[in-house]
>>> print(open('input00.txt').read())   # compact mmCIF, C-alpha atoms
# COMPACT_ATOMS: atom_id res chain seq x y z
CA MET N 861 -231.20 56.92 -161.49
CA SER N 862 -228.88 55.06 -159.09
CA ILE N 863 -229.30 54.99 -155.30
CA LYS N 864 -226.56 56.98 -153.56
CA VAL N 865 -225.13 55.19 -150.50
CA LEU N 866 -222.65 56.29 -147.83
CA VAL N 867 -220.89 53.41 -146.05
CA VAL N 868 -219.90 54.17 -142.42
CA ASP N 869 -217.61 51.62 -140.73
CA ASP N 870 -214.24 51.81 -138.94
CA SER N 871 -213.04 48.57 -140.61
CA ALA N 872 -211.33 49.09 -143.98
CA LEU N 873 -212.14 45.46 -144.90
CA ILE N 874 -215.86 45.87 -144.21
CA ARG N 875 -215.96 49.18 -146.10
CA GLU N 876 -214.37 47.45 -149.09
CA VAL N 877 -216.68 44.39 -148.90
CA LEU N 878 -219.81 46.54 -148.61
CA THR N 879 -218.75 48.82 -151.47
CA ARG N 880 -218.01 45.90 -153.79
CA THR N 881 -221.21 44.09 -152.81
CA LEU N 882 -223.49 47.12 -153.13
CA THR N 883 -222.27 48.23 -156.56
CA ARG N 884 -222.56 44.80 -158.15
CA ASP N 885 -225.91 45.26 -159.97
CA GLY N 886 -225.23 48.78 -161.21
CA ASP N 887 -228.30 50.49 -159.65
CA ILE N 888 -226.55 51.37 -156.37
CA ASP N 889 -223.65 53.83 -156.23
CA VAL N 890 -221.41 54.09 -153.14
CA VAL N 891 -220.74 57.82 -153.27
CA GLY N 892 -218.43 57.76 -150.26
CA THR N 893 -217.21 55.96 -147.14
CA ALA N 894 -216.61 57.23 -143.62
CA THR N 895 -214.55 55.80 -140.77
CA ASP N 896 -216.55 57.23 -137.85
CA PRO N 897 -219.63 59.38 -137.12
CA ILE N 898 -217.66 62.65 -137.16
CA ASP N 899 -216.39 61.84 -140.66
CA ALA N 900 -219.91 60.63 -141.62
CA ARG N 901 -221.53 63.89 -140.52
CA GLU N 902 -219.38 65.89 -142.94
CA LYS N 903 -219.81 63.38 -145.78
CA ILE N 904 -223.62 63.39 -145.39
CA LYS N 905 -223.62 67.19 -145.75
CA GLN N 906 -221.35 67.03 -148.82
CA LEU N 907 -222.79 63.99 -150.62
CA ASN N 908 -226.49 63.98 -149.60
CA PRO N 909 -226.80 60.17 -149.77
CA ASP N 910 -230.17 58.43 -150.25
CA VAL N 911 -229.20 55.69 -147.75
CA VAL N 912 -226.51 55.29 -145.08
CA THR N 913 -225.10 51.97 -143.85
CA LEU N 914 -223.97 52.34 -140.24
CA ASP N 915 -221.84 50.28 -137.86
CA ILE N 916 -222.59 50.51 -134.13
CA GLU N 917 -219.15 50.11 -132.52
CA MET N 918 -216.98 52.96 -133.80
CA PRO N 919 -214.43 55.42 -132.41
CA ASN N 920 -215.25 59.06 -131.45
CA MET N 921 -219.03 58.49 -131.21
CA ASN N 922 -221.18 55.39 -130.76
CA GLY N 923 -223.28 54.57 -133.84
CA LEU N 924 -226.49 54.70 -131.76
CA GLN N 925 -225.72 58.22 -130.52
CA PHE N 926 -225.02 59.29 -134.10
CA LEU N 927 -228.23 57.64 -135.35
CA GLU N 928 -230.34 59.42 -132.72
CA LYS N 929 -228.88 62.79 -133.75
CA LEU N 930 -229.24 62.04 -137.46
CA MET N 931 -232.92 61.04 -137.18
CA ARG N 932 -233.68 64.15 -135.15
CA LEU N 933 -231.78 66.68 -137.26
CA ARG N 934 -231.72 65.19 -140.77
CA PRO N 935 -233.92 62.06 -141.09
CA THR N 936 -232.18 59.73 -143.54
CA PRO N 937 -232.81 56.04 -144.32
CA VAL N 938 -230.23 54.00 -142.38
CA ILE N 939 -229.37 50.28 -142.61
CA MET N 940 -227.47 49.00 -139.57
CA VAL N 941 -224.61 46.56 -140.12
CA SER N 942 -224.78 44.49 -136.95
CA THR N 943 -222.79 41.77 -135.19
CA LEU N 944 -224.54 38.47 -134.43
CA THR N 945 -224.02 38.62 -130.67
CA LYS N 946 -226.46 39.07 -127.79
CA LYS N 947 -225.13 42.61 -127.23
CA GLY N 948 -225.25 43.25 -130.99
CA ALA N 949 -228.88 42.07 -131.14
CA SER N 950 -229.91 44.38 -128.28
CA GLU N 951 -228.15 47.37 -129.82
CA THR N 952 -229.63 46.62 -133.24
CA LEU N 953 -233.17 46.54 -131.86
CA LEU N 954 -232.51 49.85 -130.10
CA ALA N 955 -231.30 51.25 -133.44
CA LEU N 956 -234.57 50.19 -135.09
CA GLU N 957 -236.49 51.92 -132.29
CA LEU N 958 -234.41 55.05 -132.89
CA GLY N 959 -235.44 55.07 -136.56
CA ALA N 960 -233.12 52.78 -138.55
CA VAL N 961 -235.01 51.17 -141.45
CA ASP N 962 -233.49 47.69 -141.22
CA PHE N 963 -230.29 45.78 -140.48
CA VAL N 964 -227.99 43.12 -141.89
CA ALA N 965 -225.70 40.81 -139.93
CA LYS N 966 -222.08 41.89 -140.45
CA PRO N 967 -220.15 39.40 -142.59
CA SER N 968 -217.57 37.54 -140.46
CA ALA N 969 -214.12 36.16 -141.33
CA GLU N 970 -215.67 32.93 -142.62
CA PHE N 971 -218.48 34.47 -144.69
CA ALA N 972 -216.96 33.58 -148.10
CA GLY N 973 -219.54 30.89 -148.90
CA GLY N 974 -222.47 33.11 -147.98
CA ILE N 975 -221.35 36.37 -149.58
CA GLU N 976 -223.76 35.93 -152.51
CA ALA N 977 -226.78 35.58 -150.23
CA PHE N 978 -225.49 38.41 -148.01
CA GLY N 979 -225.15 40.66 -151.06
CA VAL N 980 -228.62 39.89 -152.42
CA GLY N 981 -230.21 40.63 -149.03
CA LEU N 982 -228.21 43.81 -148.50
CA ARG N 983 -229.04 45.22 -151.94
CA GLU N 984 -232.76 44.45 -151.46
CA LYS N 985 -232.73 46.27 -148.13
CA ILE N 986 -230.93 49.28 -149.61
CA ARG N 987 -233.56 49.48 -152.40
CA ALA N 988 -236.40 49.28 -149.86
CA ALA N 989 -234.72 51.87 -147.62
CA ALA N 990 -234.39 54.28 -150.55
CA LYS N 991 -238.19 54.16 -150.99
CA SER N 992 -238.99 54.32 -147.26
CA ASP N 993 -240.64 57.31 -145.61
CA VAL N 994 -238.36 58.03 -142.64
CA ARG N 995 -239.32 61.71 -142.54
CA GLY N 996 -243.03 60.87 -142.35
CA ARG N 997 -242.42 58.29 -139.65
CA SER N 998 -240.21 60.70 -137.70
CA ALA N 999 -243.03 63.27 -137.68
CA SER N 1000 -245.78 60.77 -136.82
CA ARG N 1001 -243.76 59.27 -133.95
CA ALA N 1002 -243.56 62.69 -132.32
CA ASP N 1003 -247.23 63.52 -132.81
CA THR N 1004 -248.99 60.24 -132.00
CA PRO N 1005 -250.21 59.78 -128.42
CA LYS N 1006 -250.29 56.20 -127.14
CA VAL N 1007 -253.82 55.29 -126.04
CA ALA N 1008 -254.10 51.75 -124.75
CA VAL N 1009 -257.16 49.64 -125.47
CA ARG N 1010 -258.92 49.07 -122.13
CA THR N 1011 -260.19 45.59 -122.86
CA ALA N 1012 -260.10 43.02 -125.63
CA ALA N 1013 -263.12 41.00 -124.54
CA ALA N 1014 -263.21 37.99 -126.84
CA PRO N 1015 -264.79 34.55 -126.98
CA ASN N 1016 -262.78 31.46 -126.01
CA GLY N 1017 -260.81 30.15 -128.97
CA ALA N 1018 -260.20 33.57 -130.53
CA LEU N 1019 -256.72 34.37 -131.85
CA ILE N 1020 -254.83 37.41 -133.19
CA ALA N 1021 -252.23 36.95 -135.97
CA ILE N 1022 -249.76 39.67 -137.00
CA GLY N 1023 -247.17 39.71 -139.80
CA ALA N 1024 -244.51 42.30 -140.67
CA SER N 1025 -241.11 42.86 -142.26
CA THR N 1026 -239.13 46.09 -142.81
CA GLY N 1027 -240.21 48.64 -140.19
CA GLY N 1028 -242.08 45.94 -138.30
CA VAL N 1029 -240.10 46.16 -135.07
CA GLU N 1030 -241.58 49.58 -134.33
CA ALA N 1031 -244.99 48.81 -135.86
CA ILE N 1032 -245.44 45.63 -133.80
CA ARG N 1033 -244.38 47.49 -130.68
CA ALA N 1034 -246.94 50.22 -131.44
CA VAL N 1035 -249.74 47.64 -131.74
CA LEU N 1036 -248.77 45.36 -128.84
CA SER N 1037 -248.08 48.19 -126.38
CA GLN N 1038 -251.75 49.23 -126.74
CA MET N 1039 -253.19 45.72 -126.28
CA PRO N 1040 -254.57 44.86 -122.81
CA SER N 1041 -253.51 41.87 -120.74
CA ASP N 1042 -256.92 40.15 -121.21
CA CYS N 1043 -256.58 39.80 -125.00
CA PRO N 1044 -256.58 36.42 -126.78
CA PRO N 1045 -253.24 34.81 -127.70
CA ILE N 1046 -251.26 36.71 -130.34
CA VAL N 1047 -248.97 34.99 -132.86
CA ILE N 1048 -246.40 37.08 -134.73
CA ALA N 1049 -244.22 36.47 -137.79
CA GLN N 1050 -241.57 39.19 -138.21
CA HIS N 1051 -238.82 38.68 -140.79
CA MET N 1052 -235.74 38.45 -138.58
CA PRO N 1053 -232.70 36.14 -138.47
CA PRO N 1054 -231.79 33.72 -135.66
CA GLY N 1055 -230.29 35.38 -132.61
CA PHE N 1056 -232.54 38.44 -132.83
CA THR N 1057 -236.08 37.13 -132.27
CA GLY N 1058 -235.49 36.13 -128.64
CA ARG N 1059 -234.16 39.58 -127.80
CA PHE N 1060 -237.01 41.17 -129.79
CA ALA N 1061 -239.56 39.22 -127.72
CA SER N 1062 -237.81 40.25 -124.48
CA ARG N 1063 -237.79 43.89 -125.55
CA LEU N 1064 -241.53 43.77 -126.34
CA ASP N 1065 -242.17 42.06 -123.00
CA GLU N 1066 -240.58 45.04 -121.22
CA VAL N 1067 -242.97 47.58 -122.78
CA CYS N 1068 -246.26 45.65 -123.06
CA ALA N 1069 -248.99 44.60 -120.62
CA LEU N 1070 -248.89 41.20 -122.34
CA LYS N 1071 -246.35 38.46 -121.67
CA VAL N 1072 -244.27 38.28 -124.88
CA LEU N 1073 -242.24 35.14 -125.63
CA GLU N 1074 -240.18 33.65 -128.42
CA ALA N 1075 -242.31 30.72 -129.65
CA GLU N 1076 -241.20 27.17 -128.87
CA ASP N 1077 -242.50 24.01 -130.53
CA ARG N 1078 -245.76 22.68 -129.00
CA MET N 1079 -246.08 25.68 -126.67
CA ILE N 1080 -249.75 26.10 -125.65
CA LEU N 1081 -251.21 29.46 -126.74
CA GLN N 1082 -252.57 31.29 -123.70
CA PRO N 1083 -254.65 34.48 -123.37
CA GLY N 1084 -252.62 37.54 -122.43
CA HIS N 1085 -249.55 36.13 -124.19
CA ALA N 1086 -247.88 36.96 -127.52
CA TYR N 1087 -245.60 34.53 -129.35
CA VAL N 1088 -242.88 35.71 -131.76
CA ALA N 1089 -241.80 33.27 -134.50
CA LYS N 1090 -238.24 32.08 -133.94
CA GLY N 1091 -235.65 33.23 -136.49
CA ASP N 1092 -235.12 30.65 -139.27
CA TYR N 1093 -238.24 28.69 -138.22
CA HIS N 1094 -241.76 28.76 -139.63
CA LEU N 1095 -244.46 29.25 -137.00
CA ARG N 1096 -247.79 27.52 -137.49
CA VAL N 1097 -250.85 27.25 -135.25
CA GLU N 1098 -252.38 23.80 -134.73
CA LYS N 1099 -255.11 22.42 -132.48
CA SER N 1100 -254.60 19.25 -130.48
CA SER N 1101 -256.38 17.94 -127.39
CA GLY N 1102 -258.70 20.95 -127.69
CA GLN N 1103 -255.85 23.45 -127.29
CA LEU N 1104 -254.20 25.84 -129.74
CA LYS N 1105 -250.44 25.28 -129.91
CA CYS N 1106 -247.33 26.61 -131.67
CA ARG N 1107 -245.63 24.35 -134.23
CA LEU N 1108 -242.11 25.23 -135.36
CA THR N 1109 -240.57 23.72 -138.47
CA GLN N 1110 -237.61 24.36 -140.74
CA ASP N 1111 -239.17 23.29 -144.03
CA GLU N 1112 -238.34 25.28 -147.14
CA LEU N 1113 -238.50 29.07 -147.39
CA THR N 1114 -241.91 30.42 -148.40
CA SER N 1115 -242.25 33.77 -150.20
CA GLY N 1116 -238.47 33.94 -149.74
CA HIS N 1117 -238.67 33.84 -145.94
CA ARG N 1118 -238.46 31.66 -142.85
CA PRO N 1119 -240.39 32.60 -140.77
CA SER N 1120 -243.01 33.34 -143.42
CA VAL N 1121 -246.12 35.41 -142.74
CA ASP N 1122 -248.00 33.38 -145.37
CA ILE N 1123 -247.26 30.12 -143.53
CA LEU N 1124 -248.50 31.56 -140.22
CA PHE N 1125 -251.65 33.14 -141.69
CA GLU N 1126 -252.55 30.02 -143.70
CA SER N 1127 -252.36 27.86 -140.57
CA VAL N 1128 -254.53 30.35 -138.68
CA ALA N 1129 -257.12 30.34 -141.51
CA LYS N 1130 -257.30 26.53 -141.44
CA THR N 1131 -257.18 26.05 -137.67
CA VAL N 1132 -259.05 29.06 -136.25
CA GLY N 1133 -261.12 30.33 -139.20
CA SER N 1134 -263.65 33.04 -138.38
CA MET N 1135 -262.53 33.15 -134.73
CA ALA N 1136 -259.29 34.85 -135.80
CA VAL N 1137 -258.40 38.48 -136.50
CA GLY N 1138 -255.29 39.44 -138.44
CA ALA N 1139 -253.09 42.42 -139.26
CA ILE N 1140 -250.45 42.84 -141.95
CA LEU N 1141 -247.96 45.60 -141.20
CA THR N 1142 -245.15 47.47 -142.95
CA GLY N 1143 -242.68 45.49 -145.04
CA MET N 1144 -241.24 44.95 -148.51
CA GLY N 1145 -242.41 42.22 -150.85
CA ARG N 1146 -245.65 40.24 -150.85
CA ASP N 1147 -245.28 37.74 -148.01
CA GLY N 1148 -248.54 37.45 -146.09
CA ALA N 1149 -250.99 38.58 -148.80
CA ARG N 1150 -251.98 35.04 -149.81
CA GLY N 1151 -252.33 33.85 -146.21
CA LEU N 1152 -254.31 36.91 -145.15
CA LYS N 1153 -256.70 36.38 -148.09
CA MET N 1154 -257.23 32.82 -146.83
CA MET N 1155 -258.01 34.23 -143.37
CA ARG N 1156 -260.52 36.73 -144.80
CA ASP N 1157 -262.12 34.02 -146.96
CA ALA N 1158 -262.47 31.90 -143.80
CA GLY N 1159 -264.47 34.71 -142.17
CA ALA N 1160 -261.71 36.45 -140.18
CA TYR N 1161 -261.52 40.21 -139.74
CA THR N 1162 -258.33 41.52 -141.39
CA VAL N 1163 -256.65 44.92 -141.35
CA GLY N 1164 -253.68 46.32 -143.30
CA GLN N 1165 -251.41 49.13 -142.19
CA SER N 1166 -252.09 52.32 -144.14
CA LYS N 1167 -249.62 53.74 -146.64
CA SER N 1168 -249.20 56.96 -144.65
CA SER N 1169 -248.04 55.11 -141.52
CA SER N 1170 -245.98 52.34 -143.21
CA LEU N 1171 -242.24 52.71 -143.37
CA VAL N 1172 -242.35 50.47 -146.47
CA TYR N 1173 -245.80 50.10 -148.06
CA GLY N 1174 -245.12 46.79 -149.81
CA MET N 1175 -246.75 43.87 -147.98
CA PRO N 1176 -249.84 45.89 -146.92
CA ARG N 1177 -250.25 47.24 -150.46
CA VAL N 1178 -250.20 43.79 -152.08
CA ALA N 1179 -252.62 42.46 -149.46
CA PHE N 1180 -254.99 45.37 -150.09
CA GLU N 1181 -254.78 45.02 -153.88
CA GLU N 1182 -255.51 41.29 -153.67
CA GLY N 1183 -258.60 41.80 -151.52
CA ALA N 1184 -257.08 40.31 -148.38
CA VAL N 1185 -257.90 43.20 -146.03
CA VAL N 1186 -261.30 44.31 -144.77
CA GLU N 1187 -259.93 47.80 -144.12
CA GLN N 1188 -256.69 49.78 -143.86
CA ALA N 1189 -255.74 51.84 -140.80
CA PRO N 1190 -252.84 53.88 -139.40
CA VAL N 1191 -250.60 51.80 -137.13
CA GLU N 1192 -251.73 53.70 -134.03
CA ASP N 1193 -255.36 52.62 -134.69
CA ILE N 1194 -254.74 48.94 -135.43
CA ALA N 1195 -254.94 47.73 -131.80
CA SER N 1196 -258.37 49.32 -131.38
CA ARG N 1197 -259.60 47.89 -134.73
CA LEU N 1198 -258.52 44.41 -133.64
CA ALA N 1199 -260.13 44.86 -130.21
CA ASN N 1200 -263.41 46.07 -131.75
CA ALA N 1201 -263.45 43.05 -134.07
CA LEU N 1202 -263.00 40.77 -131.05
CA VAL N 1203 -265.92 42.48 -129.27
CA ARG N 1204 -268.08 41.86 -132.36
CA LEU N 1205 -266.98 38.22 -132.33
CA LYS N 1206 -268.03 37.87 -128.69
CA SER N 1207 -271.43 39.46 -129.25
CA ALA N 1208 -272.03 37.14 -132.22
CA ALA N 1209 -270.96 34.03 -130.27
>>> encode(input="input00.txt", output="structure tokens")
Amino acid sequence: MSIKVLVVDDSALIREVLTRTLTRDGDIDVVGTATDPIDAREKIKQLNPDVVTLDIEMPNMNGLQFLEKLMRLRPTPVIMVSTLTKKGASETLLALELGAVDFVAKPSAEFAGGIEAFGVGLREKIRAAAKSDVRGRSASRADTPKVAVRTAAAPNGALIAIGASTGGVEAIRAVLSQMPSDCPPIVIAQHMPPGFTGRFASRLDEVCALKVLEAEDRMILQPGHAYVAKGDYHLRVEKSSGQLKCRLTQDELTSGHRPSVDILFESVAKTVGSMAVGAILTGMGRDGARGLKMMRDAGAYTVGQSKSSSLVYGMPRVAFEEGAVVEQAPVEDIASRLANALVRLKSAA
């Protein structure tokens, strides 16, 4: 059975490009298009789409206002079609906080050479969105109180590693906002293109007790700080002169991604070993499972996000099935599981 999609964009060209791109493989059916949120509201009632693609800048009602109303009144999987600008990045991250499943960068006038890659990525995201649990997440977001961990007492040399993909913006925020300012350094690989990771780090920094930064090459990892892998760069952890540092490279894609969660976790397993703790969060695909298994085999505590709290239970499922996680937990409990593991590390040191 094909996935029913409604395309919402005020540009006739973009509506045509998205329709042609989405229907290419035959398993996705664009059941309608809409020029603005007012039009979209009526089409959603008539057509009952499985997924909606949504532009932000539109006449009559801003896409973010429409998204907020849609997620409150009729939770539906939404993929944002975003511009690659600083303002576009900020608005896209806000859309993900409001409940959008994922986003793609809007094709520009000179996208002809990259339309194949754009199409493959867009269709994958539509398929993942169709399987996502936006209703469950909408309910859990309303019901879950935020209880911060009071302390993350840990021995010197400890490290926390986190990996995520689809749905990860909100999941990472849920974990980091509960972590105290005395926790060990945190390294994060979130699948996200260039231009978005810096704004993502800034957004996290606004809501967390930690200092959150976009990682730079050879940056020293400090307690109370979290480092987000830069878009289109792999992030690794290395030790030199007795200090843990970030290493950024642009070598080939791994598990289809750059940054890759596998690359980050593998470096943590080799460099930090049993002094590390790791979490794999919501996302499609299998990136991170191999690296997390290496971390567990090296003696690290590892946790996977539970199915019930994952927007897309892909990466955590593969990691669990391959024996990479010590235990699974709802996203709201992951900060406390990591903190408890650090306390155990300290008492064993």
>>> closest_atom_pairs(input="input00.txt", of="segment 1069-1155 of chain N", to="segment 1015-1027 of chain N", cutoff="7 Å", atoms="all atoms listed in the file", output="tab-separated table")
residue	atom	partner	partner_atom	distance
N:Val1121	CA	N:Gly1023	CA	5.3
N:Phe1125	CA	N:Ala1021	CA	6.9
N:Met1135	CA	N:Ala1018	CA	4.8
N:Ala1136	CA	N:Leu1019	CA	4.7
N:Val1137	CA	N:Ile1020	CA	5.0
N:Gly1138	CA	N:Ala1021	CA	4.7
N:Ala1139	CA	N:Ile1022	CA	4.9
N:Ile1140	CA	N:Gly1023	CA	5.0
N:Leu1141	CA	N:Ala1024	CA	4.8
N:Thr1142	CA	N:Ala1024	CA	5.7
N:Gly1143	CA	N:Ser1025	CA	4.1
N:Met1144	CA	N:Thr1026	CA	6.2
N:Gly1148	CA	N:Gly1023	CA	6.8
>>> write_last_selection(input="input00.txt", atoms="C-alpha atoms", output="PDB file, in the frame of the given file")
ATOM      1  CA  VAL N1121    -246.120  35.410-142.740  1.00  0.00           C
ATOM      2  CA  PHE N1125    -251.650  33.140-141.690  1.00  0.00           C
ATOM      3  CA  MET N1135    -262.530  33.150-134.730  1.00  0.00           C
ATOM      4  CA  ALA N1136    -259.290  34.850-135.800  1.00  0.00           C
ATOM      5  CA  VAL N1137    -258.400  38.480-136.500  1.00  0.00           C
ATOM      6  CA  GLY N1138    -255.290  39.440-138.440  1.00  0.00           C
ATOM      7  CA  ALA N1139    -253.090  42.420-139.260  1.00  0.00           C
ATOM      8  CA  ILE N1140    -250.450  42.840-141.950  1.00  0.00           C
ATOM      9  CA  LEU N1141    -247.960  45.600-141.200  1.00  0.00           C
ATOM     10  CA  THR N1142    -245.150  47.470-142.950  1.00  0.00           C
ATOM     11  CA  GLY N1143    -242.680  45.490-145.040  1.00  0.00           C
ATOM     12  CA  MET N1144    -241.240  44.950-148.510  1.00  0.00           C
ATOM     13  CA  GLY N1148    -248.540  37.450-146.090  1.00  0.00           C
TER      14      GLY N1148
END
>>> residues_around(input="input00.txt", residues="Gly923 of chain N", least_positions_apart="6", cutoff="7 Å", atoms="all atoms listed in the file", output="compact mmCIF listing (two decimals) with C-alpha atoms, in the coordinates of the input")
# COMPACT_ATOMS: atom_id res chain seq x y z
CA PRO N 897 -219.63 59.38 -137.12
CA LEU N 914 -223.97 52.34 -140.24
CA ASP N 915 -221.84 50.28 -137.86
CA ILE N 916 -222.59 50.51 -134.13
CA GLU N 917 -219.15 50.11 -132.52
>>> residues_around(input="input00.txt", residues="Ala1013 of chain N", least_positions_apart="3", cutoff="12 Å", atoms="only C-alpha atoms", output="mmCIF file with C-alpha atoms, in the coordinates of the input")
data_model
loop_
_atom_site.group_PDB
_atom_site.id
_atom_site.type_symbol
_atom_site.label_atom_id
_atom_site.label_comp_id
_atom_site.auth_asym_id
_atom_site.auth_seq_id
_atom_site.Cartn_x
_atom_site.Cartn_y
_atom_site.Cartn_z
ATOM 1 C CA VAL N 1009 -257.160 49.640 -125.470
ATOM 2 C CA ARG N 1010 -258.920 49.070 -122.130
ATOM 3 C CA ASN N 1016 -262.780 31.460 -126.010
ATOM 4 C CA GLY N 1017 -260.810 30.150 -128.970
ATOM 5 C CA ALA N 1018 -260.200 33.570 -130.530
ATOM 6 C CA LEU N 1019 -256.720 34.370 -131.850
ATOM 7 C CA MET N 1039 -253.190 45.720 -126.280
ATOM 8 C CA PRO N 1040 -254.570 44.860 -122.810
ATOM 9 C CA SER N 1041 -253.510 41.870 -120.740
ATOM 10 C CA ASP N 1042 -256.920 40.150 -121.210
ATOM 11 C CA CYS N 1043 -256.580 39.800 -125.000
ATOM 12 C CA PRO N 1044 -256.580 36.420 -126.780
ATOM 13 C CA PRO N 1083 -254.650 34.480 -123.370
ATOM 14 C CA GLY N 1084 -252.620 37.540 -122.430
ATOM 15 C CA SER N 1196 -258.370 49.320 -131.380
ATOM 16 C CA LEU N 1198 -258.520 44.410 -133.640
ATOM 17 C CA ALA N 1199 -260.130 44.860 -130.210
ATOM 18 C CA ASN N 1200 -263.410 46.070 -131.750
ATOM 19 C CA ALA N 1201 -263.450 43.050 -134.070
ATOM 20 C CA LEU N 1202 -263.000 40.770 -131.050
ATOM 21 C CA VAL N 1203 -265.920 42.480 -129.270
ATOM 22 C CA ARG N 1204 -268.080 41.860 -132.360
ATOM 23 C CA LEU N 1205 -266.980 38.220 -132.330
ATOM 24 C CA LYS N 1206 -268.030 37.870 -128.690
ATOM 25 C CA SER N 1207 -271.430 39.460 -129.250
ATOM 26 C CA ALA N 1209 -270.960 34.030 -130.270
#
>>> residues_around(input="input00.txt", residues="Tyr1087 of chain N", least_positions_apart="3", cutoff="7 Å", atoms="all atoms listed in the file", output="number ranges by chain")
N: 1046-1048, 1072-1075
>>> closest_residue(input="input00.txt", among="N:Ser1168, N:Thr1162, N:Ser1101, N:Gln1050", to="Ser1120 of chain N", atoms="only C-alpha atoms")
N:Gln1050
>>> closest_atom_pairs(input="input00.txt", of="segment 897-970 of chain N", to="segment 982-993 of chain N", cutoff="9 Å", atoms="all atoms listed in the file", output="tab-separated table")
residue	atom	partner	partner_atom	distance
N:Asp910	CA	N:Ala990	CA	5.9
N:Val911	CA	N:Ala990	CA	6.1
N:Val912	CA	N:Ile986	CA	8.7
N:Thr913	CA	N:Ile986	CA	8.6
N:Pro937	CA	N:Ala989	CA	5.7
N:Val938	CA	N:Ala989	CA	7.2
N:Ile939	CA	N:Ile986	CA	7.2
N:Val961	CA	N:Ala989	CA	6.2
N:Asp962	CA	N:Lys985	CA	7.1
N:Phe963	CA	N:Lys985	CA	8.0
N:Val964	CA	N:Leu982	CA	6.6
>>> residues_around(input="input00.txt", residues="Val868 of chain N", least_positions_apart="3", cutoff="12 Å", atoms="only C-alpha atoms", output="PDB file with C-alpha atoms, in the frame of the given file")
ATOM      1  CA  VAL N 865    -225.130  55.190-150.500  1.00  0.00           C
ATOM      2  CA  SER N 871    -213.040  48.570-140.610  1.00  0.00           C
ATOM      3  CA  ALA N 872    -211.330  49.090-143.980  1.00  0.00           C
ATOM      4  CA  LEU N 873    -212.140  45.460-144.900  1.00  0.00           C
ATOM      5  CA  ILE N 874    -215.860  45.870-144.210  1.00  0.00           C
ATOM      6  CA  ARG N 875    -215.960  49.180-146.100  1.00  0.00           C
ATOM      7  CA  GLU N 876    -214.370  47.450-149.090  1.00  0.00           C
ATOM      8  CA  LEU N 878    -219.810  46.540-148.610  1.00  0.00           C
ATOM      9  CA  THR N 879    -218.750  48.820-151.470  1.00  0.00           C
ATOM     10  CA  VAL N 890    -221.410  54.090-153.140  1.00  0.00           C
ATOM     11  CA  VAL N 891    -220.740  57.820-153.270  1.00  0.00           C
ATOM     12  CA  GLY N 892    -218.430  57.760-150.260  1.00  0.00           C
ATOM     13  CA  THR N 893    -217.210  55.960-147.140  1.00  0.00           C
ATOM     14  CA  ALA N 894    -216.610  57.230-143.620  1.00  0.00           C
ATOM     15  CA  THR N 895    -214.550  55.800-140.770  1.00  0.00           C
ATOM     16  CA  ASP N 896    -216.550  57.230-137.850  1.00  0.00           C
ATOM     17  CA  PRO N 897    -219.630  59.380-137.120  1.00  0.00           C
ATOM     18  CA  ILE N 898    -217.660  62.650-137.160  1.00  0.00           C
ATOM     19  CA  ASP N 899    -216.390  61.840-140.660  1.00  0.00           C
ATOM     20  CA  ALA N 900    -219.910  60.630-141.620  1.00  0.00           C
ATOM     21  CA  ARG N 901    -221.530  63.890-140.520  1.00  0.00           C
ATOM     22  CA  GLU N 902    -219.380  65.890-142.940  1.00  0.00           C
ATOM     23  CA  LYS N 903    -219.810  63.380-145.780  1.00  0.00           C
ATOM     24  CA  ILE N 904    -223.620  63.390-145.390  1.00  0.00           C
ATOM     25  CA  PRO N 909    -226.800  60.170-149.770  1.00  0.00           C
ATOM     26  CA  VAL N 911    -229.200  55.690-147.750  1.00  0.00           C
ATOM     27  CA  VAL N 912    -226.510  55.290-145.080  1.00  0.00           C
ATOM     28  CA  THR N 913    -225.100  51.970-143.850  1.00  0.00           C
ATOM     29  CA  LEU N 914    -223.970  52.340-140.240  1.00  0.00           C
ATOM     30  CA  ASP N 915    -221.840  50.280-137.860  1.00  0.00           C
ATOM     31  CA  ILE N 916    -222.590  50.510-134.130  1.00  0.00           C
ATOM     32  CA  GLU N 917    -219.150  50.110-132.520  1.00  0.00           C
ATOM     33  CA  MET N 918    -216.980  52.960-133.800  1.00  0.00           C
ATOM     34  CA  PRO N 919    -214.430  55.420-132.410  1.00  0.00           C
ATOM     35  CA  ASN N 922    -221.180  55.390-130.760  1.00  0.00           C
ATOM     36  CA  GLY N 923    -223.280  54.570-133.840  1.00  0.00           C
ATOM     37  CA  PHE N 926    -225.020  59.290-134.100  1.00  0.00           C
ATOM     38  CA  LEU N 927    -228.230  57.640-135.350  1.00  0.00           C
ATOM     39  CA  VAL N 938    -230.230  54.000-142.380  1.00  0.00           C
ATOM     40  CA  ILE N 939    -229.370  50.280-142.610  1.00  0.00           C
ATOM     41  CA  MET N 940    -227.470  49.000-139.570  1.00  0.00           C
ATOM     42  CA  VAL N 941    -224.610  46.560-140.120  1.00  0.00           C
TER      43      VAL N 941
END
>>> closest_residue(input="input00.txt", among="N:Leu1036, N:Met1155, N:Leu907, N:Leu882", to="Gly981 of chain N", atoms="all atoms listed in the file")
N:Leu882
>>> atom_distance(input="input00.txt", atom1="atom CA of Asp1122 of chain N", atom2="atom CA of Val1097 of chain N")
12.2 Å
>>> closest_residue(input="input00.txt", among="N:Ala1195, N:Ala1049, N:Ala1061, N:Val1128", to="Ser1037 of chain N", atoms="all atoms listed in the file")
N:Ala1195
>>> closest_residue(input="input00.txt", among="N:Met931, N:Ala1149, N:Arg1197, N:Val1172", to="Ser1115 of chain N", atoms="only C-alpha atoms")
N:Ala1149
>>> atom_distance(input="input00.txt", atom1="atom CA of Ala1189 of chain N", atom2="atom CA of Ser1169 of chain N")
8.4 Å
